[in-house]
4 protein chains.
Amino acid sequence: MRQKLLSAGSKELSYEIREIVKKAKILQNEGVEIFWENIGDPIQKNAKIPDWIKAIVTELTQNEKTYGYCDSKGELATREFLANRNNALNGAQITPDDILFFNGLGDAIATLYHYLTPTTRVIGPSPAYSTHSSAEAAHANHHPLTYRLDPENHWYPDMVDLRNQVKYNPNIVAILLINPDNPTGMVYPKKILEEIVELAKEYDLFLISDEIYNKITYNGARAYALSEVIGDVPGIAMKGISKELPWPGSRCGWIECYNREADPEFNRLCRVLDDAKMIEVCSTTLPQMAIPKILGDPRYEQYRADLNEKIGWRSRFISQTLQQIPELTFNPTYGAFYNTIVFKEGTLNFEQTLPIENPEVETKVREWVDGVSLDFRFVYYLLGATGICVVPISSFCSDLRGFRVTLLEEDEELLKQTFTTLRDAIRTYLDS
Amino acid sequence: MRQKLLSAGSKELSYEIREIVKKAKILQNEGVEIFWENIGDPIQKNAKIPDWIKAIVTELTQNEKTYGYCDSKGELATREFLANRNNALNGAQITPDDILFFNGLGDAIATLYHYLTPTTRVIGPSPAYSTHSSAEAAHANHHPLTYRLDPENHWYPDMVDLRNQVKYNPNIVAILLINPDNPTGMVYPKKILEEIVELAKEYDLFLISDEIYNKITYNGARAYALSEVIGDVPGIAMKGISKELPWPGSRCGWIECYNREADPEFNRLCRVLDDAKMIEVCSTTLPQMAIPKILGDPRYEQYRADLNEKIGWRSRFISQTLQQIPELTFNPTYGAFYNTIVFKEGTLNFEQTLPIENPEVETKVREWVDGVSLDFRFVYYLLGATGICVVPISSFCSDLRGFRVTLLEEDEELLKQTFTTLRDAIRTYLDS
Amino acid sequence: MRQKLLSAGSKELSYEIREIVKKAKILQNEGVEIFWENIGDPIQKNAKIPDWIKAIVTELTQNEKTYGYCDSKGELATREFLANRNNALNGAQITPDDILFFNGLGDAIATLYHYLTPTTRVIGPSPAYSTHSSAEAAHANHHPLTYRLDPENHWYPDMVDLRNQVKYNPNIVAILLINPDNPTGMVYPKKILEEIVELAKEYDLFLISDEIYNKITYNGARAYALSEVIGDVPGIAMKGISKELPWPGSRCGWIECYNREADPEFNRLCRVLDDAKMIEVCSTTLPQMAIPKILGDPRYEQYRADLNEKIGWRSRFISQTLQQIPELTFNPTYGAFYNTIVFKEGTLNFEQTLPIENPEVETKVREWVDGVSLDFRFVYYLLGATGICVVPISSFCSDLRGFRVTLLEEDEELLKQTFTTLRDAIRTYLDS
Amino acid sequence: MRQKLLSAGSKELSYEIREIVKKAKILQNEGVEIFWENIGDPIQKNAKIPDWIKAIVTELTQNEKTYGYCDSKGELATREFLANRNNALNGAQITPDDILFFNGLGDAIATLYHYLTPTTRVIGPSPAYSTHSSAEAAHANHHPLTYRLDPENHWYPDMVDLRNQVKYNPNIVAILLINPDNPTGMVYPKKILEEIVELAKEYDLFLISDEIYNKITYNGARAYALSEVIGDVPGIAMKGISKELPWPGSRCGWIECYNREADPEFNRLCRVLDDAKMIEVCSTTLPQMAIPKILGDPRYEQYRADLNEKIGWRSRFISQTLQQIPELTFNPTYGAFYNTIVFKEGTLNFEQTLPIENPEVETKVREWVDGVSLDFRFVYYLLGATGICVVPISSFCSDLRGFRVTLLEEDEELLKQTFTTLRDAIRTYLDS
């Protein structure tokens, strides 16, 4: 090429949680049966879309309008429906103009960070979800900035750490929440949300709340929306139907901008996001048209409650199974459909192994564990020995050592068997 | 806010072709019937999706798999289908790994320019299509760089101008083609494509070919794909189903990377695009699954031929109607579904008007034309006097004065009436 | 202009301490006699260059060699002399190649920050000396980053504040010391220097120590050179003859790079500084050739000791005079030739004034104090009422309210009179 | 280091013309006598400073004021003297405020490019003088942009090339002239200067004219100052005493800004340069004070005329000697004190050598020529065989193959011998 092509930030794009998938596929080719406890797609874990929802979608596909462009900000009727839904929470009030549709939250995230000037930073939680942390790092040409979620305190944010980072790093312009959180399953308590809002107000920041799992809570928890606690601080909530409906393949998410008028620079940012979408014409039409029909259907609430109850049951089963192991720091979960389990410091070492019968698989695993961190070592042995595929925490910008599992397996017996096997494998590994 | 938020490039985002829509809606509220000759969405212009296509889509919506994530690069079977389709042209050969799906070409365009380092530039045609020119300008923090399409020479690119810009501006790393072209309806002759490939080779550039209208040609023309002429030069073709099927609401497009191995820096760029999509998980699943079923269906080719024939008829009707006016530089079109018509220099002035009966409408138009360029003046008078909504060329990064019309009106009588009215209005305006 | 010309950082260049000079010159034109207690040029305050030094310089000006270029890094014999002088401290050892001459430290500072990539930051003390803080801010396109010097603790750095900023702001790559400090007259205790070295080591930073006042200490203090405490941490000391000889008009300073080999990136930075100077050919020759002759002369040490004794006497006189005012936070000084005196919180208000006889001067001062901060208000009244020109602390990136005086007045009686007048004016102002 | 330290542009700093010095010093250590025809320092080539000039300087060094800071823009009386000198040319008129002193032109150049925003470019001549081309490239993070000086046309600028680059590269905001030129000895004809001014006006650029050699012309030529031809176009002339007096070791140069008020953005740039100098306090005092005394002395004009006559004689001798070789493109010189001599295309090859008696020197030269360009090959052989040290043209951002010599040798016999030897060596090399 005539010139170097790539921006400095492009090397920050990494999605290490996909690395384990490549390894699992290699073992699959060697004949190992893989149990995919790594991916957050309910559909792949055998979730069924109820017939009444399919019927709504199918009817829409008969209508030419669902094939055409929609309004560049998103279908107006849908934005009205969603504005009303938010306003009914009696927090920050919005109009349809404060809503902007994207092709999934990945699109919203990439676009938002793209148009922030490179020296500004958004601080987010660690363990970190790569879609946020990589996009933010790529925009800034630097590693992600994170605040610590504390596994010794229900994975709640370490507020001292967060406050200090905000105070001492003037480049921070926003705080990101993922609530409920991926990958920890933690739901931010209202009091902590209020403290974060206060902090933003004190340092003149805006807030970003990824609420993709907002309706996915259980075991008695409920997730507060940003708009319920934000008061007059500027903020952006990110919402979508990928996880909730679930319809991840639709690439349909949206942002809600709160208190745009409270700060002219924030308002300009919101307008730039509108402009950025306008030059792409619009986002996906069909799922936008489906939203009021599905989410507004009288059957919807019970349907979601049933799904949550099932996730809650799985969460409790996993708690009972894994809490027995004293070497683990284990937190019960209350939202989303992941749990992140930490090995206590000093419990892992570079000698531990699991027996693997197939010698070719064993050879591969031995090669892979050479030079990797302690959690990758465990995860590769687990994969080779049991076929259970989980994600090492160090993939999530974290110094902790552990792994993430999902709470999505629809087949109850398979779930029990998988997690019992996992428990026994951990025991064997630690004792080896 | 604690710091300035917006990147320098964000102010380059503009989609002026939407400006006219706002004006038209204002007049619509005043009771003016609007004829939307401004927007390239066949669905809005009453195109019907054939039942056999709807049936394919509807069947897919019964399948859970269409609700889930697909492969982050795009459904493998679909990429295989498309790689084969390209390879059958006997030009540059690709594998499914050289294909990457996006949420429409707007997404592909935004992502590509985003990861180019800001000092590199991509030069594209003028009149320019805003989705490309705004995104490229935003990445570079500077106005778009363009080469001239020459209305006196069939809108073919001015190759002297293009060569000189490439030669004398070392920041240019790529040349963009839109073939067939929006907004001119020009189809690049094979010889010119070959010259552009030669130029890219001489200066070590890569090529970008937006081929969204590749199958939409008529009046005897055929559009050559980039892969047919590119030889061993690195390049990216941008393709999609928005215009061709048409299914613009699907937000489903893809890029094909040719000769990745020919240049390590180009190859790195392609890999960064893969990474950027991976952190968004994947693109829209349903339309990807539909592609091989629809495009591979035996009925498809005839269906597209019929549509092209209709566009060709409209193109010829418009030619006959508007070529009568000697003050216009008029070029017959051969591809896509737009025509850009230029007023010869000196034929427009700031005194010309059209009679508008409704006095409130007239007042508005008089206000709007204050201080605008000569083509905006004409367009606003046309809108007020006839309800015909067209786009001024100066919205397309062009110094020419004229307007773009679409060739999409399905209702033959309405089309005839609209363009006859347009012709008479031009005559009256020029003579006023 | 065809394009916007100025870099974003250029607006960070400010040297507010010159603002007061403009005001003083206006009053001078009105007939007010000005006592320039604002500027750190001993020559302007009537320091005499001893004849033996003048004789050395004069002899050199007979020699053609002093008119020619010297080595681009600086005269080799001089660098050998200086390397030996440093090495005799028995700290970090250097060779002549580790020394690079500049046209004064302003040149060294501008060049150093210029070649740091914009997202890296160097944190320095507040109150801040503008030459450092503006140049660093201009490189970063953001306001200066500072750590607090604490007037309640001898102006020593607030180590908790410094540690937190370093810990929580990953963009910080270096810590700046000015030792002895301008504008506080503080000399960093060895223990604090060692703590700062430890901090740099812990966070993989380098150190910058501006040692222009290194030989100017008194009242029993001695300033430790960076090389004495740095151990194996990379660092740059900035030295020169402007203040020490004093020969500020020579524009002759140099940097010494310690432990270049300890870190490859730091070593690259040092090499880039060499390259940057090489493209300017070299720095001023005459003063470089004078350095070994003057600083190596047996008379030099006593000469400097005598000067220090005189500054010490002035420092003590000012202490005795101003410590009587309970509303001031006053710290005796130990190095350099400034003192920064702080009004305790709540002691200043927007009603206080000083009587000014000349009505035209009074009118001007009244205009100037409109809308300024409390320390500017005091300083303008002081100037109008007494002709004493001091610098408000808020000009030094500080939130404190106070002023800087110099300790340079050679005329003992004039000094006594000036500071007695200053004391009385403060008393009157506070009581008004 | 905690982060990458260096700016992207820092790698553009190169001063290849120093490379040959290192090689020559190695051979000097092997016992080869070196004839330094590479460096533009008259002092090193035995120029004598006349006693009356030394007397002025020596008297000044008795005066304390020459040791102190001067005004941050430069000594006022000196700026008045220089403003008058410029204004007497009856071109663009200036006041002392339009003059800003720097520590030599290297400082002026570094500062000017530093504060231009990185995407703007200044185009300068090729062969290029590294101080300009490296500093400009470093600011832009890209290779230098150059227009061709044509050795087939008296080294005059190729105006077609220059015009095209300006026209087709919108990032160009200024054109640089070095007049008289280093390294070609060309003096820009008035007509060409006027064309360049026209070009700047047409494209809204400013001009930069490095006039360090303005008074050094001979053989009937005279150099027009920028102010004589600039009309109302904004521009900056760079002047100094390094070459003219000569006093290169003084690091004393200044810029004159013409037509600041003609363009607000240009005016802002000039103000930023003032600010940048202000934070460095000021430039060298002694030479500034000497300027009116020396340049205003009645003896000065004749002194300079005599020096020019001597350079002219050398220029003619070298012409007579080297023009005899038909393989050279040789241009007589008219200004500055360099000549750049080009080997005609096809006359050099990778087999040519010169006999070198000392076997160790021969071995070194053989090693050095491995893989270098054809002009470096010639230069290394010349150095090894004759001790004559000249600079290869490819060090000056040029694709030509040749070398630069200086016209500074004060010893007439030595000059004759050196250039006769050079002629013979070229003949032998070409015939080998």
# chains A, B, ... in the order shown; residues from 1 in each chain; ligands from 1
>>> interface_residues(of="chain B", to="chain D", cutoff="6 Å", atoms="only C-alpha atoms", output="MDAnalysis selection string")
chainID B and resid 165 168:169
>>> residues_around(residues="Gly402 in chain D", least_positions_apart="2", cutoff="12 Å", atoms="only C-alpha atoms", output="ChimeraX atom specification")
/D:127,151,183-184,327-330,339-345,347-348,373-379,390-396,398-400,404-405,426
>>> residues_around(residues="Lys277 in chain B", least_positions_apart="5", cutoff="9 Å", atoms="only C-alpha atoms", output="MDAnalysis selection string")
(chainID A and resid 106) or (chainID B and resid 72:73 100:102 111 272 282:283)
>>> write_last_selection(atoms="N, CA and C atoms", output="PDB file, in the first residue's frame")
ATOM      1  N   GLY A 106     -24.467  -3.714  19.442  1.00  0.00           N
ATOM      2  CA  GLY A 106     -23.081  -3.653  18.956  1.00  0.00           C
ATOM      3  C   GLY A 106     -22.905  -2.453  18.049  1.00  0.00           C
TER       4      GLY A 106
ATOM      5  N   SER B  72     -20.193 -14.934  12.998  1.00  0.00           N
ATOM      6  CA  SER B  72     -19.903 -13.492  13.036  1.00  0.00           C
ATOM      7  C   SER B  72     -19.520 -12.953  11.659  1.00  0.00           C
ATOM      8  N   LYS B  73     -18.969 -13.762  10.800  1.00  0.00           N
ATOM      9  CA  LYS B  73     -18.670 -13.299   9.444  1.00  0.00           C
ATOM     10  C   LYS B  73     -19.886 -13.400   8.529  1.00  0.00           C
ATOM     11  N   LEU B 100     -17.559 -10.932   4.195  1.00  0.00           N
ATOM     12  CA  LEU B 100     -17.924 -10.492   5.546  1.00  0.00           C
ATOM     13  C   LEU B 100     -19.260  -9.760   5.462  1.00  0.00           C
ATOM     14  N   PHE B 101     -20.220 -10.246   6.230  1.00  0.00           N
ATOM     15  CA  PHE B 101     -21.548  -9.621   6.218  1.00  0.00           C
ATOM     16  C   PHE B 101     -21.629  -8.438   7.167  1.00  0.00           C
ATOM     17  N   PHE B 102     -22.408  -7.448   6.756  1.00  0.00           N
ATOM     18  CA  PHE B 102     -22.679  -6.272   7.580  1.00  0.00           C
ATOM     19  C   PHE B 102     -24.192  -6.048   7.648  1.00  0.00           C
ATOM     20  N   THR B 111     -17.822   1.264   8.948  1.00  0.00           N
ATOM     21  CA  THR B 111     -16.780   0.478   9.615  1.00  0.00           C
ATOM     22  C   THR B 111     -15.459   0.572   8.856  1.00  0.00           C
ATOM     23  N   VAL B 272      -8.970  -6.594  10.350  1.00  0.00           N
ATOM     24  CA  VAL B 272      -9.542  -5.659  11.331  1.00  0.00           C
ATOM     25  C   VAL B 272     -11.050  -5.533  11.117  1.00  0.00           C
ATOM     26  N   CYS B 282     -22.523 -10.474  15.312  1.00  0.00           N
ATOM     27  CA  CYS B 282     -22.821 -10.895  13.938  1.00  0.00           C
ATOM     28  C   CYS B 282     -23.780  -9.896  13.307  1.00  0.00           C
ATOM     29  N   SER B 283     -24.100 -10.102  12.048  1.00  0.00           N
ATOM     30  CA  SER B 283     -25.086  -9.277  11.342  1.00  0.00           C
ATOM     31  C   SER B 283     -26.408 -10.041  11.234  1.00  0.00           C
TER      32      SER B 283
END
>>> residues_around(residues="Glu211 in chain B", least_positions_apart="4", cutoff="10 Å", atoms="only C-alpha atoms", output="list in words")
Leu105, Leu177, Ile178, Asn179, Pro180, Asp181, Lys215, Ile216, Ala223, Tyr224, Ala225, Leu226, Ala237, Met238, Lys239, Gly240, Ile255 and Ala336 of chain B
>>> write_last_selection(atoms="C-alpha atoms", output="mmCIF file, in the first residue's frame")
data_model
loop_
_atom_site.group_PDB
_atom_site.id
_atom_site.type_symbol
_atom_site.label_atom_id
_atom_site.label_comp_id
_atom_site.auth_asym_id
_atom_site.auth_seq_id
_atom_site.Cartn_x
_atom_site.Cartn_y
_atom_site.Cartn_z
ATOM 1 C CA LEU B 105 -23.754 -1.320 3.249
ATOM 2 C CA LEU B 177 -16.457 3.429 -7.615
ATOM 3 C CA ILE B 178 -20.214 3.225 -7.354
ATOM 4 C CA ASN B 179 -21.127 1.037 -10.323
ATOM 5 C CA PRO B 180 -23.838 1.504 -11.556
ATOM 6 C CA ASP B 181 -23.664 4.957 -10.097
ATOM 7 C CA LYS B 215 -27.816 -6.361 -11.279
ATOM 8 C CA ILE B 216 -29.912 -3.283 -12.030
ATOM 9 C CA ALA B 223 -22.210 -3.658 -15.197
ATOM 10 C CA TYR B 224 -18.833 -5.284 -14.800
ATOM 11 C CA ALA B 225 -18.043 -6.469 -11.326
ATOM 12 C CA LEU B 226 -14.785 -5.316 -9.799
ATOM 13 C CA ALA B 237 -16.579 -5.037 -3.503
ATOM 14 C CA MET B 238 -19.642 -3.968 -1.539
ATOM 15 C CA LYS B 239 -22.816 -5.881 -2.296
ATOM 16 C CA GLY B 240 -26.277 -6.304 -0.869
ATOM 17 C CA ILE B 255 -18.105 -7.114 1.316
ATOM 18 C CA ALA B 336 -29.471 1.926 -10.880
#
>>> atom_distance(atom1="CA of Asn182 in chain D", atom2="CA of Cys397 in chain D")
12.8 Å
>>> residues_around(residues="Tyr218 in chain A", least_positions_apart="6", cutoff="6 Å", atoms="only C-alpha atoms", output="NGL selection string")
:A and (308 or 312 or 334)
>>> select_by_dssp(residues="range 143-376 of chain B", states="helix (DSSP H, G or I)", output="PyMOL selection string")
chain B and resi 151-153+159-168+190-203+226-229+248-250+260-262+264-278+285-295+300-322+359-368+374-376
>>> residues_around(residues="Ala47 in chain D", least_positions_apart="4", cutoff="9 Å", atoms="only C-alpha atoms", output="list in words")
Glu64 of chain C; Asp41, Pro42, Ile43, Pro246, Leu408, Glu409 and Glu410 of chain D
>>> residues_around(residues="range 114-116 of chain D", least_positions_apart="2", cutoff="7 Å", atoms="only C-alpha atoms", output="JSON, numbers by chain")
{"C": [5, 6, 7, 10], "D": [110, 111, 112, 118, 120, 139]}
>>> write_last_selection(atoms="N, CA, C and O atoms", output="PDB file, in the first residue's frame")
ATOM      1  N   LEU C   5      -5.563  26.213  10.253  1.00  0.00           N
ATOM      2  CA  LEU C   5      -4.121  26.005  10.385  1.00  0.00           C
ATOM      3  C   LEU C   5      -3.694  25.419  11.726  1.00  0.00           C
ATOM      4  O   LEU C   5      -2.758  24.627  11.791  1.00  0.00           O
ATOM      5  N   LEU C   6      -4.361  25.804  12.809  1.00  0.00           N
ATOM      6  CA  LEU C   6      -3.754  25.592  14.121  1.00  0.00           C
ATOM      7  C   LEU C   6      -4.084  24.253  14.757  1.00  0.00           C
ATOM      8  O   LEU C   6      -5.226  23.782  14.692  1.00  0.00           O
ATOM      9  N   SER C   7      -3.104  23.672  15.382  1.00  0.00           N
ATOM     10  CA  SER C   7      -3.309  22.441  16.137  1.00  0.00           C
ATOM     11  C   SER C   7      -4.221  22.723  17.324  1.00  0.00           C
ATOM     12  O   SER C   7      -4.273  23.850  17.826  1.00  0.00           O
ATOM     13  N   SER C  10      -2.687  24.353  20.440  1.00  0.00           N
ATOM     14  CA  SER C  10      -2.077  25.683  20.431  1.00  0.00           C
ATOM     15  C   SER C  10      -2.807  26.642  21.362  1.00  0.00           C
ATOM     16  O   SER C  10      -2.213  27.591  21.857  1.00  0.00           O
TER      17      SER C  10
ATOM     18  N   ALA D 110      11.063  24.553  13.560  1.00  0.00           N
ATOM     19  CA  ALA D 110      10.448  23.537  14.415  1.00  0.00           C
ATOM     20  C   ALA D 110       9.164  24.068  15.038  1.00  0.00           C
ATOM     21  O   ALA D 110       8.150  23.372  15.106  1.00  0.00           O
ATOM     22  N   THR D 111       9.198  25.320  15.485  1.00  0.00           N
ATOM     23  CA  THR D 111       8.040  25.886  16.176  1.00  0.00           C
ATOM     24  C   THR D 111       6.883  26.101  15.203  1.00  0.00           C
ATOM     25  O   THR D 111       5.727  25.784  15.505  1.00  0.00           O
ATOM     26  N   LEU D 112       7.196  26.626  14.033  1.00  0.00           N
ATOM     27  CA  LEU D 112       6.138  26.889  13.050  1.00  0.00           C
ATOM     28  C   LEU D 112       5.392  25.606  12.685  1.00  0.00           C
ATOM     29  O   LEU D 112       4.159  25.541  12.764  1.00  0.00           O
ATOM     30  N   PRO D 118      -1.916  18.671  12.282  1.00  0.00           N
ATOM     31  CA  PRO D 118      -1.164  17.646  11.551  1.00  0.00           C
ATOM     32  C   PRO D 118      -1.633  17.365  10.122  1.00  0.00           C
ATOM     33  O   PRO D 118      -0.830  16.940   9.293  1.00  0.00           O
ATOM     34  N   THR D 120      -2.549  19.501   7.878  1.00  0.00           N
ATOM     35  CA  THR D 120      -2.137  20.513   6.894  1.00  0.00           C
ATOM     36  C   THR D 120      -0.700  20.248   6.467  1.00  0.00           C
ATOM     37  O   THR D 120       0.103  19.754   7.246  1.00  0.00           O
ATOM     38  N   HIS D 139       5.757  16.865  11.780  1.00  0.00           N
ATOM     39  CA  HIS D 139       4.477  17.462  12.180  1.00  0.00           C
ATOM     40  C   HIS D 139       3.311  16.730  11.535  1.00  0.00           C
ATOM     41  O   HIS D 139       2.231  16.610  12.104  1.00  0.00           O
TER      42      HIS D 139
END
>>> closest_residue(among="C:Ile294, C:Asp204, C:Ile279, C:Gly384", to="Asp263 in chain C", atoms="only C-alpha atoms")
C:Asp204
>>> atom_distance(atom1="CA of Leu414 in chain A", atom2="CA of Trp313 in chain A")
13.9 Å
>>> decode(residues="range 146-170 of chain C", atoms="N, CA and C atoms", output="PDB file, in the first residue's frame")
ATOM      1  N   THR C 146      -1.798  18.300  37.211  1.00  0.00           N
ATOM      2  CA  THR C 146      -0.898  18.739  38.283  1.00  0.00           C
ATOM      3  C   THR C 146      -1.120  17.966  39.574  1.00  0.00           C
ATOM      4  N   TYR C 147      -0.046  17.863  40.362  1.00  0.00           N
ATOM      5  CA  TYR C 147      -0.181  17.384  41.749  1.00  0.00           C
ATOM      6  C   TYR C 147       0.005  18.585  42.671  1.00  0.00           C
ATOM      7  N   ARG C 148      -0.608  18.482  43.830  1.00  0.00           N
ATOM      8  CA  ARG C 148      -0.714  19.606  44.726  1.00  0.00           C
ATOM      9  C   ARG C 148       0.547  19.773  45.569  1.00  0.00           C
ATOM     10  N   LEU C 149       1.122  20.951  45.583  1.00  0.00           N
ATOM     11  CA  LEU C 149       2.100  21.307  46.608  1.00  0.00           C
ATOM     12  C   LEU C 149       1.303  21.932  47.738  1.00  0.00           C
ATOM     13  N   ASP C 150       1.605  21.515  48.951  1.00  0.00           N
ATOM     14  CA  ASP C 150       0.722  21.842  50.078  1.00  0.00           C
ATOM     15  C   ASP C 150       1.290  23.003  50.907  1.00  0.00           C
ATOM     16  N   PRO C 151       0.658  24.180  50.878  1.00  0.00           N
ATOM     17  CA  PRO C 151       1.184  25.328  51.623  1.00  0.00           C
ATOM     18  C   PRO C 151       1.098  25.119  53.131  1.00  0.00           C
ATOM     19  N   GLU C 152       0.265  24.187  53.553  1.00  0.00           N
ATOM     20  CA  GLU C 152       0.172  23.900  54.992  1.00  0.00           C
ATOM     21  C   GLU C 152       1.267  22.937  55.435  1.00  0.00           C
ATOM     22  N   ASN C 153       2.023  22.413  54.508  1.00  0.00           N
ATOM     23  CA  ASN C 153       3.092  21.471  54.838  1.00  0.00           C
ATOM     24  C   ASN C 153       4.363  21.843  54.088  1.00  0.00           C
ATOM     25  N   HIS C 154       4.833  23.061  54.295  1.00  0.00           N
ATOM     26  CA  HIS C 154       6.098  23.529  53.697  1.00  0.00           C
ATOM     27  C   HIS C 154       6.094  23.486  52.175  1.00  0.00           C
ATOM     28  N   TRP C 155       4.971  23.529  51.561  1.00  0.00           N
ATOM     29  CA  TRP C 155       4.862  23.385  50.099  1.00  0.00           C
ATOM     30  C   TRP C 155       5.371  22.029  49.599  1.00  0.00           C
ATOM     31  N   TYR C 156       5.526  21.061  50.485  1.00  0.00           N
ATOM     32  CA  TYR C 156       5.931  19.734  50.007  1.00  0.00           C
ATOM     33  C   TYR C 156       4.789  19.137  49.175  1.00  0.00           C
ATOM     34  N   PRO C 157       5.125  18.247  48.250  1.00  0.00           N
ATOM     35  CA  PRO C 157       4.060  17.652  47.436  1.00  0.00           C
ATOM     36  C   PRO C 157       3.116  16.812  48.291  1.00  0.00           C
ATOM     37  N   ASP C 158       1.873  16.863  47.989  1.00  0.00           N
ATOM     38  CA  ASP C 158       0.864  16.018  48.621  1.00  0.00           C
ATOM     39  C   ASP C 158       1.009  14.635  47.996  1.00  0.00           C
ATOM     40  N   MET C 159       1.729  13.758  48.697  1.00  0.00           N
ATOM     41  CA  MET C 159       2.085  12.470  48.091  1.00  0.00           C
ATOM     42  C   MET C 159       0.871  11.565  47.883  1.00  0.00           C
ATOM     43  N   VAL C 160      -0.156  11.743  48.716  1.00  0.00           N
ATOM     44  CA  VAL C 160      -1.366  10.936  48.511  1.00  0.00           C
ATOM     45  C   VAL C 160      -2.018  11.344  47.195  1.00  0.00           C
ATOM     46  N   ASP C 161      -2.095  12.637  46.970  1.00  0.00           N
ATOM     47  CA  ASP C 161      -2.668  13.143  45.729  1.00  0.00           C
ATOM     48  C   ASP C 161      -1.848  12.667  44.520  1.00  0.00           C
ATOM     49  N   LEU C 162      -0.543  12.776  44.619  1.00  0.00           N
ATOM     50  CA  LEU C 162       0.314  12.381  43.501  1.00  0.00           C
ATOM     51  C   LEU C 162       0.177  10.890  43.212  1.00  0.00           C
ATOM     52  N   ARG C 163       0.238  10.086  44.266  1.00  0.00           N
ATOM     53  CA  ARG C 163       0.128   8.630  44.081  1.00  0.00           C
ATOM     54  C   ARG C 163      -1.220   8.253  43.467  1.00  0.00           C
ATOM     55  N   ASN C 164      -2.273   8.889  43.944  1.00  0.00           N
ATOM     56  CA  ASN C 164      -3.589   8.553  43.400  1.00  0.00           C
ATOM     57  C   ASN C 164      -3.703   8.941  41.928  1.00  0.00           C
ATOM     58  N   GLN C 165      -3.189  10.088  41.596  1.00  0.00           N
ATOM     59  CA  GLN C 165      -3.280  10.494  40.196  1.00  0.00           C
ATOM     60  C   GLN C 165      -2.509   9.536  39.301  1.00  0.00           C
ATOM     61  N   VAL C 166      -1.318   9.182  39.756  1.00  0.00           N
ATOM     62  CA  VAL C 166      -0.511   8.245  38.960  1.00  0.00           C
ATOM     63  C   VAL C 166      -1.240   6.909  38.844  1.00  0.00           C
ATOM     64  N   LYS C 167      -1.744   6.433  39.972  1.00  0.00           N
ATOM     65  CA  LYS C 167      -2.392   5.119  39.985  1.00  0.00           C
ATOM     66  C   LYS C 167      -3.623   5.085  39.085  1.00  0.00           C
ATOM     67  N   TYR C 168      -4.418   6.141  39.152  1.00  0.00           N
ATOM     68  CA  TYR C 168      -5.718   6.085  38.501  1.00  0.00           C
ATOM     69  C   TYR C 168      -5.745   6.695  37.113  1.00  0.00           C
ATOM     70  N   ASN C 169      -4.648   7.268  36.686  1.00  0.00           N
ATOM     71  CA  ASN C 169      -4.624   7.830  35.332  1.00  0.00           C
ATOM     72  C   ASN C 169      -3.522   7.166  34.518  1.00  0.00           C
ATOM     73  N   PRO C 170      -3.879   6.145  33.756  1.00  0.00           N
ATOM     74  CA  PRO C 170      -2.853   5.359  33.054  1.00  0.00           C
ATOM     75  C   PRO C 170      -2.143   6.136  31.954  1.00  0.00           C
TER      76      PRO C 170
END
